[in-house]
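Listing of final02.txt; format and content: compact mmCIF, C-alpha atoms.
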```txt
# COMPACT_ATOMS: atom_id res chain seq x y z
CA MET X 869 -8.02 -22.60 26.46
CA THR X 870 -8.29 -22.91 22.69
CA LEU X 871 -5.29 -23.24 20.41
CA ALA X 872 -5.76 -19.69 19.10
CA SER X 873 -6.09 -18.13 22.54
CA GLU X 874 -3.08 -20.06 23.81
CA LEU X 875 -1.01 -18.74 20.92
CA SER X 876 -2.32 -15.21 21.31
CA ALA X 877 -1.78 -15.11 25.05
CA SER X 878 1.71 -16.53 25.21
CA HIS X 879 3.14 -15.98 21.72
CA SER X 880 4.36 -19.55 22.12
CA LEU X 881 4.58 -21.64 18.98
CA VAL X 882 4.68 -24.98 20.77
CA VAL X 883 1.34 -26.77 20.94
CA VAL X 884 1.35 -29.77 23.23
CA GLY X 885 -0.57 -32.70 21.87
CA ALA X 886 -1.45 -31.02 18.58
CA GLN X 887 -2.11 -33.31 15.67
CA PRO X 888 0.53 -33.50 12.92
CA ALA X 889 -0.22 -30.78 10.40
CA PRO X 890 -0.56 -31.84 6.77
CA ALA X 891 1.29 -29.77 4.22
CA SER X 892 -2.05 -28.79 2.68
CA LEU X 893 -2.75 -26.53 5.68
CA ARG X 894 0.32 -24.38 5.17
CA PRO X 895 -0.28 -20.89 3.69
CA GLN X 896 0.52 -20.56 0.00
CA ARG X 897 2.08 -17.85 -2.15
CA VAL X 898 3.60 -16.00 0.81
CA HIS X 899 5.26 -12.90 -0.63
CA PHE X 900 5.86 -9.19 -0.12
CA GLN X 901 4.17 -6.49 -2.18
CA SER X 902 5.86 -3.11 -1.97
CA HIS X 903 4.76 0.30 -3.27
CA ASN X 904 6.74 3.40 -2.31
CA PHE X 905 8.27 1.42 0.60
CA HIS X 906 4.89 0.42 2.00
CA ASN X 907 5.79 -3.25 2.50
CA VAL X 908 2.90 -5.65 3.00
CA LEU X 909 3.10 -9.42 3.37
CA HIS X 910 0.43 -11.36 1.46
CA TRP X 911 -0.56 -15.02 1.34
CA ARG X 912 -3.33 -17.41 0.35
CA PRO X 913 -4.95 -20.13 2.50
CA GLY X 914 -3.70 -23.69 2.40
CA ARG X 915 -5.57 -26.06 0.13
CA ALA X 916 -7.20 -27.89 3.05
CA CYS X 917 -8.47 -24.73 4.77
CA THR X 918 -12.18 -24.15 4.22
CA GLY X 919 -14.53 -21.41 5.34
CA ASN X 920 -13.36 -18.51 7.51
CA SER X 921 -12.20 -20.49 10.52
CA SER X 922 -8.43 -20.27 9.87
CA LEU X 923 -6.18 -18.03 11.93
CA TYR X 924 -2.78 -16.81 10.78
CA PHE X 925 0.41 -15.99 12.66
CA VAL X 926 3.17 -13.83 11.17
CA GLN X 927 6.87 -13.55 11.97
CA TYR X 928 9.68 -11.59 10.33
CA LYS X 929 13.43 -11.13 10.57
CA MET X 930 16.30 -9.36 8.89
CA TYR X 931 18.68 -11.48 6.84
CA GLY X 932 21.45 -12.83 9.06
CA GLN X 933 19.41 -12.80 12.26
CA ARG X 934 18.80 -16.14 13.94
CA GLN X 935 15.75 -15.17 15.97
CA TRP X 936 12.35 -14.63 14.36
CA ASN X 937 10.16 -11.80 15.65
CA ASN X 938 6.42 -12.08 16.23
CA LYS X 939 4.27 -9.40 14.62
CA ALA X 940 1.84 -8.66 17.44
CA ASP X 941 -0.79 -7.02 15.22
CA CYS X 942 -0.81 -10.08 12.94
CA TRP X 943 -0.95 -12.82 15.57
CA GLY X 944 -4.10 -14.90 15.23
CA ILE X 945 -5.69 -12.87 12.44
CA GLN X 946 -8.13 -13.92 9.74
CA GLU X 947 -6.89 -11.54 7.03
CA PHE X 948 -4.55 -12.68 4.26
CA PHE X 949 -2.13 -9.77 4.62
CA CYS X 950 0.06 -8.09 7.22
CA ASP X 951 1.64 -4.63 7.04
CA LEU X 952 5.36 -4.92 7.86
CA THR X 953 6.34 -1.42 6.72
CA ASN X 954 7.71 -0.35 10.09
CA GLU X 955 9.52 -3.65 10.59
CA THR X 956 11.29 -3.36 7.21
CA SER X 957 12.18 0.33 7.34
CA ASP X 958 15.91 -0.14 6.66
CA ILE X 959 15.26 -0.33 2.95
CA GLN X 960 18.71 -1.53 1.88
CA GLU X 961 18.61 -4.56 4.17
CA PRO X 962 17.08 -7.89 3.10
CA TYR X 963 14.24 -9.42 5.10
CA TYR X 964 12.18 -12.57 5.37
CA GLY X 965 8.59 -13.06 6.46
CA ARG X 966 6.78 -16.27 7.28
CA VAL X 967 3.22 -17.35 8.07
CA ARG X 968 1.57 -20.38 9.65
CA THR X 969 -2.05 -21.46 10.04
CA ALA X 970 -4.16 -22.65 12.95
CA TRP X 971 -7.22 -24.55 11.71
CA ALA X 972 -9.56 -26.99 13.46
CA GLY X 973 -7.15 -27.43 16.38
CA ILE X 974 -4.17 -28.09 14.11
CA LEU X 975 -1.15 -25.83 13.73
CA SER X 976 0.57 -25.90 10.33
CA GLY X 977 4.23 -25.53 9.54
CA TRP X 978 5.68 -22.22 8.40
CA THR X 979 5.72 -20.93 4.83
CA MET X 980 8.51 -18.42 4.24
CA THR X 981 9.01 -15.70 1.64
CA GLN X 982 11.97 -15.39 -0.63
CA ARG X 983 14.53 -12.80 0.40
CA PHE X 984 13.00 -9.33 0.15
CA MET X 985 14.96 -6.07 -0.20
CA PRO X 986 12.71 -2.98 -0.28
CA TRP X 987 15.22 -0.76 -2.11
CA TRP X 988 15.40 -3.19 -5.01
CA GLU X 989 11.83 -4.44 -5.15
CA THR X 990 9.53 -1.53 -4.31
CA LYS X 991 7.43 -0.16 -7.14
CA ILE X 992 7.25 3.59 -7.54
CA ASP X 993 3.97 5.28 -8.31
CA PRO X 994 3.73 7.99 -11.00
CA PRO X 995 4.57 11.58 -10.05
CA VAL X 996 1.83 13.87 -8.79
CA MET X 997 1.28 16.78 -11.20
CA ASN X 998 0.10 20.33 -10.76
CA ILE X 999 -0.40 22.40 -13.92
CA ILE X 1000 -0.54 26.20 -14.09
CA GLN X 1001 -1.28 28.30 -17.19
CA VAL X 1002 1.12 31.22 -17.66
CA ASN X 1003 0.63 33.50 -20.69
CA GLY X 1004 -0.15 30.74 -23.15
CA SER X 1005 2.41 28.33 -21.68
CA LEU X 1006 1.98 25.51 -19.21
CA LEU X 1007 3.99 25.16 -16.04
CA VAL X 1008 4.08 21.52 -14.92
CA ILE X 1009 5.05 20.99 -11.28
CA LEU X 1010 6.00 17.41 -10.39
CA HIS X 1011 6.14 15.70 -7.01
CA ALA X 1012 7.60 12.28 -6.27
CA PRO X 1013 5.34 9.89 -4.31
CA ASN X 1014 5.12 10.26 -0.55
CA LEU X 1015 6.95 7.71 1.59
CA PRO X 1016 6.00 6.26 4.98
CA HIS X 1017 9.33 7.04 6.63
CA ARG X 1018 10.63 10.19 8.33
CA ASP X 1019 14.15 11.36 9.06
CA GLN X 1020 15.65 11.99 12.50
CA LYS X 1021 14.08 15.46 12.55
CA GLY X 1022 10.63 14.00 11.94
CA GLU X 1023 10.41 15.38 8.41
CA ASN X 1024 9.13 13.45 5.42
CA VAL X 1025 11.72 11.52 3.47
CA SER X 1026 11.71 11.96 -0.30
CA MET X 1027 12.07 9.24 -2.89
CA GLU X 1028 14.94 11.35 -4.24
CA ASP X 1029 16.86 10.61 -1.03
CA TYR X 1030 17.14 6.99 -2.15
CA TYR X 1031 17.28 7.06 -5.94
CA GLU X 1032 18.34 9.17 -8.87
CA LEU X 1033 15.00 10.04 -10.44
CA VAL X 1034 14.41 11.16 -14.00
CA TYR X 1035 11.07 12.78 -14.80
CA ARG X 1036 9.54 12.35 -18.25
CA VAL X 1037 6.73 14.63 -19.38
CA PHE X 1038 4.59 14.00 -22.46
CA ILE X 1039 2.08 16.30 -24.12
CA ILE X 1040 -0.84 15.12 -26.22
CA ASN X 1041 -2.50 17.39 -28.76
CA ASN X 1042 -6.05 16.05 -28.90
CA SER X 1043 -6.93 17.77 -32.15
CA LEU X 1044 -3.96 16.18 -33.91
CA GLU X 1045 -4.01 12.98 -31.85
CA LYS X 1046 -0.25 13.23 -31.49
CA GLU X 1047 1.96 12.69 -28.46
CA ARG X 1048 5.48 13.97 -27.94
CA LYS X 1049 7.94 13.98 -25.10
CA VAL X 1050 8.63 17.53 -24.03
CA TYR X 1051 10.98 16.92 -21.12
CA GLU X 1052 13.31 14.32 -19.60
CA GLY X 1053 15.50 15.21 -16.65
CA ALA X 1054 15.79 15.78 -12.92
CA HIS X 1055 13.97 19.12 -12.68
CA ARG X 1056 10.54 19.04 -11.07
CA VAL X 1057 9.26 22.23 -12.69
CA VAL X 1058 8.83 22.07 -16.46
CA GLU X 1059 7.62 24.87 -18.74
CA ILE X 1060 5.91 23.92 -22.00
CA GLU X 1061 5.87 26.77 -24.52
CA ALA X 1062 4.76 27.49 -28.09
CA LEU X 1063 1.31 25.99 -27.71
CA THR X 1064 -1.40 26.49 -30.31
CA PRO X 1065 -4.18 28.83 -29.15
CA HIS X 1066 -7.71 27.42 -28.74
CA ALA X 1067 -6.38 23.86 -28.58
CA VAL X 1068 -6.75 21.22 -25.87
CA TYR X 1069 -3.57 19.65 -24.55
CA CYS X 1070 -3.28 16.72 -22.16
CA ILE X 1071 -0.21 16.10 -20.01
CA VAL X 1072 1.06 12.81 -18.61
CA ALA X 1073 4.26 12.07 -16.70
CA GLU X 1074 6.30 9.15 -15.42
CA ILE X 1075 9.37 8.52 -13.30
CA TYR X 1076 12.41 6.62 -14.56
CA GLN X 1077 15.04 5.05 -12.28
CA PRO X 1078 18.29 4.78 -14.29
CA MET X 1079 20.11 2.63 -11.73
CA LEU X 1080 17.41 -0.04 -11.85
CA ASP X 1081 16.38 0.61 -15.48
CA ARG X 1082 12.80 0.77 -14.28
CA ARG X 1083 9.97 3.21 -14.80
CA SER X 1084 6.71 3.94 -13.03
CA GLN X 1085 3.35 3.74 -14.66
CA ARG X 1086 2.17 6.94 -16.26
CA SER X 1087 0.13 9.44 -14.34
CA GLY X 1088 -3.45 10.09 -15.31
CA GLU X 1089 -4.00 12.65 -18.06
CA ARG X 1090 -4.47 16.27 -17.03
CA CYS X 1091 -6.07 18.25 -19.84
CA VAL X 1092 -6.01 22.03 -20.33
CA ASP X 1093 -7.78 24.36 -22.77
CA ILE X 1094 -5.42 26.96 -24.19
CA PRO X 1095 -7.22 30.34 -24.65
```
Encoding of this model in structure tokens:
Amino acid sequence: MTLASELSASHSLVVVGAQPAPASLRPQRVHFQSHNFHNVLHWRPGRACTGNSSLYFVQYKMYGQRQWNNKADCWGIQEFFCDLTNETSDIQEPYYGRVRTAWAGILSGWTMTQRFMPWWETKIDPPVMNIIQVNGSLLVILHAPNLPHRDQKGENVSMEDYYELVYRVFIINNSLEKERKVYEGAHRVVEIEALTPHAVYCIVAEIYQPMLDRRSQRSGERCVDIP
């Protein structure tokens, strides 16, 4: 049985008679990337790993736990990432992930992440916008990004369940090449009035998190011709 199949079959991390693993085989830059609580572990191959013959094994645990947990879907994989969204769903708890390499019959040591807390570290995408024309005005309807988690009733959980969100809406008059902020607040429906007829206006929006003093990127421009 090969090293990889032995690991995959038993989930054992003890390899009898394996050669000592040089540090250059260990995965590098092991870290979490998190967007809207989609939490994915990423890494790069060790310096000594060449070609596509390396296999990777992923474990995770919550801070304070002694026992590491194997991630079955990321046990003996060739990819450089592993989705741990479901395993890190308690977003206010800190977690660790770690990765090791099997290459040419040698099993490396583990490389561990820094402490990762989804609530603090996730990046929020811009709001989704819908724009409706109403008698020469624009009605901007904003939606916070979708999240991967559901509540006990099976319904989608909103970003607003976790943070105070402030929406900022900006309008750009293309003919004047001027931008101004027309709204900042918690409402998700914003009416923009007193627009110049026969002009083109573009709308962009962003989300601000006061508690973290952090803002999302801006949404893409949505442009409207005013009759």
Here is a test: counting only C-alpha atoms, which residue of X:Pro1095, X:Pro962, X:Pro1078, X:Pro994 is nearest to Asn1014 of chain X?
X:Pro994
Set the distance at 12 Å and use only C-alpha atoms: which residues neighbour segment 898-900 of chain X once local chain neighbours fewer than 2 positions away are removed? I'd like the list as a ChimeraX atom specification.
/X:894-896,902-903,905-914,924,926-928,948-953,956,962-968,978-986,989-991
Writing out the chosen residues with C-alpha atoms as a PDB file, keeping the file's coordinate frame:
```pdb
ATOM      1  CA  ARG X 894       0.320 -24.380   5.170  1.00  0.00           C
ATOM      2  CA  PRO X 895      -0.280 -20.890   3.690  1.00  0.00           C
ATOM      3  CA  GLN X 896       0.520 -20.560   0.000  1.00  0.00           C
ATOM      4  CA  SER X 902       5.860  -3.110  -1.970  1.00  0.00           C
ATOM      5  CA  HIS X 903       4.760   0.300  -3.270  1.00  0.00           C
ATOM      6  CA  PHE X 905       8.270   1.420   0.600  1.00  0.00           C
ATOM      7  CA  HIS X 906       4.890   0.420   2.000  1.00  0.00           C
ATOM      8  CA  ASN X 907       5.790  -3.250   2.500  1.00  0.00           C
ATOM      9  CA  VAL X 908       2.900  -5.650   3.000  1.00  0.00           C
ATOM     10  CA  LEU X 909       3.100  -9.420   3.370  1.00  0.00           C
ATOM     11  CA  HIS X 910       0.430 -11.360   1.460  1.00  0.00           C
ATOM     12  CA  TRP X 911      -0.560 -15.020   1.340  1.00  0.00           C
ATOM     13  CA  ARG X 912      -3.330 -17.410   0.350  1.00  0.00           C
ATOM     14  CA  PRO X 913      -4.950 -20.130   2.500  1.00  0.00           C
ATOM     15  CA  GLY X 914      -3.700 -23.690   2.400  1.00  0.00           C
ATOM     16  CA  TYR X 924      -2.780 -16.810  10.780  1.00  0.00           C
ATOM     17  CA  VAL X 926       3.170 -13.830  11.170  1.00  0.00           C
ATOM     18  CA  GLN X 927       6.870 -13.550  11.970  1.00  0.00           C
ATOM     19  CA  TYR X 928       9.680 -11.590  10.330  1.00  0.00           C
ATOM     20  CA  PHE X 948      -4.550 -12.680   4.260  1.00  0.00           C
ATOM     21  CA  PHE X 949      -2.130  -9.770   4.620  1.00  0.00           C
ATOM     22  CA  CYS X 950       0.060  -8.090   7.220  1.00  0.00           C
ATOM     23  CA  ASP X 951       1.640  -4.630   7.040  1.00  0.00           C
ATOM     24  CA  LEU X 952       5.360  -4.920   7.860  1.00  0.00           C
ATOM     25  CA  THR X 953       6.340  -1.420   6.720  1.00  0.00           C
ATOM     26  CA  THR X 956      11.290  -3.360   7.210  1.00  0.00           C
ATOM     27  CA  PRO X 962      17.080  -7.890   3.100  1.00  0.00           C
ATOM     28  CA  TYR X 963      14.240  -9.420   5.100  1.00  0.00           C
ATOM     29  CA  TYR X 964      12.180 -12.570   5.370  1.00  0.00           C
ATOM     30  CA  GLY X 965       8.590 -13.060   6.460  1.00  0.00           C
ATOM     31  CA  ARG X 966       6.780 -16.270   7.280  1.00  0.00           C
ATOM     32  CA  VAL X 967       3.220 -17.350   8.070  1.00  0.00           C
ATOM     33  CA  ARG X 968       1.570 -20.380   9.650  1.00  0.00           C
ATOM     34  CA  TRP X 978       5.680 -22.220   8.400  1.00  0.00           C
ATOM     35  CA  THR X 979       5.720 -20.930   4.830  1.00  0.00           C
ATOM     36  CA  MET X 980       8.510 -18.420   4.240  1.00  0.00           C
ATOM     37  CA  THR X 981       9.010 -15.700   1.640  1.00  0.00           C
ATOM     38  CA  GLN X 982      11.970 -15.390  -0.630  1.00  0.00           C
ATOM     39  CA  ARG X 983      14.530 -12.800   0.400  1.00  0.00           C
ATOM     40  CA  PHE X 984      13.000  -9.330   0.150  1.00  0.00           C
ATOM     41  CA  MET X 985      14.960  -6.070  -0.200  1.00  0.00           C
ATOM     42  CA  PRO X 986      12.710  -2.980  -0.280  1.00  0.00           C
ATOM     43  CA  GLU X 989      11.830  -4.440  -5.150  1.00  0.00           C
ATOM     44  CA  THR X 990       9.530  -1.530  -4.310  1.00  0.00           C
ATOM     45  CA  LYS X 991       7.430  -0.160  -7.140  1.00  0.00           C
TER      46      LYS X 991
END
```
May I have a table of the residues of segment 1025-1081 of chain X lying at most 10 Å from segment 998-1002 of chain X, giving each one's closest pair of atoms and their distance in Å to one decimal, counting only C-alpha atoms, ordered by chain and ascending residue number, as CSV?
```
residue,atom,partner,partner_atom,distance
X:Val1057,CA,X:Asn998,CA,9.6
X:Val1058,CA,X:Ile999,CA,9.6
X:Glu1059,CA,X:Val1002,CA,9.2
X:Ile1060,CA,X:Gln1001,CA,9.7
X:Glu1061,CA,X:Val1002,CA,9.5
X:Ile1071,CA,X:Ile999,CA,8.8
```
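Separating atom CA of Gly1053 of chain X from atom CA of Trp987 of chain X is a distance of 21.6 Å.
Across the model, the gap from atom CA of Val1034 of chain X to atom CA of Asp958 of chain X is 23.6 Å.
Our summary of the geometry notes that atom CA of Leu1010 of chain X is positioned 5.7 Å from atom CA of Val996 of chain X.
Residue nearest Gly1088 of chain X within the list X:Tyr1031, X:Leu1007, X:His1066, X:Met997: X:Met997 [criterion: smallest interatomic distance, only C-alpha atoms].
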Nearest candidate to Leu1080 of chain X (options X:Tyr1035, X:Trp988, X:Trp971, X:Tyr1030; using all atoms listed in the file)
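Residue with the minimum atom-to-atom distance to Leu1080 of chain X: X:Trp988.
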At a cut-off of 8 Å from (3.9, 9.1, -18.6) in the coordinates of the file, what residues are picked up using all atoms listed in the file, written as a PDB file with C-alpha atoms, in the frame of the given file?
```pdb
ATOM      1  CA  PRO X 994       3.730   7.990 -11.000  1.00  0.00           C
ATOM      2  CA  ARG X1036       9.540  12.350 -18.250  1.00  0.00           C
ATOM      3  CA  VAL X1037       6.730  14.630 -19.380  1.00  0.00           C
ATOM      4  CA  PHE X1038       4.590  14.000 -22.460  1.00  0.00           C
ATOM      5  CA  VAL X1072       1.060  12.810 -18.610  1.00  0.00           C
ATOM      6  CA  ALA X1073       4.260  12.070 -16.700  1.00  0.00           C
ATOM      7  CA  GLU X1074       6.300   9.150 -15.420  1.00  0.00           C
ATOM      8  CA  ILE X1075       9.370   8.520 -13.300  1.00  0.00           C
ATOM      9  CA  GLN X1085       3.350   3.740 -14.660  1.00  0.00           C
ATOM     10  CA  ARG X1086       2.170   6.940 -16.260  1.00  0.00           C
ATOM     11  CA  SER X1087       0.130   9.440 -14.340  1.00  0.00           C
TER      12      SER X1087
END
```
For Pro890 of chain X, which residue out of X:Pro1065, X:Arg1090, X:Cys917, X:Val1050 is the nearest one, using only C-alpha atoms?
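Going through X:Pro1065, X:Arg1090, X:Cys917, X:Val1050 one by one, the smallest distance to Pro890 of chain X is for X:Cys917.
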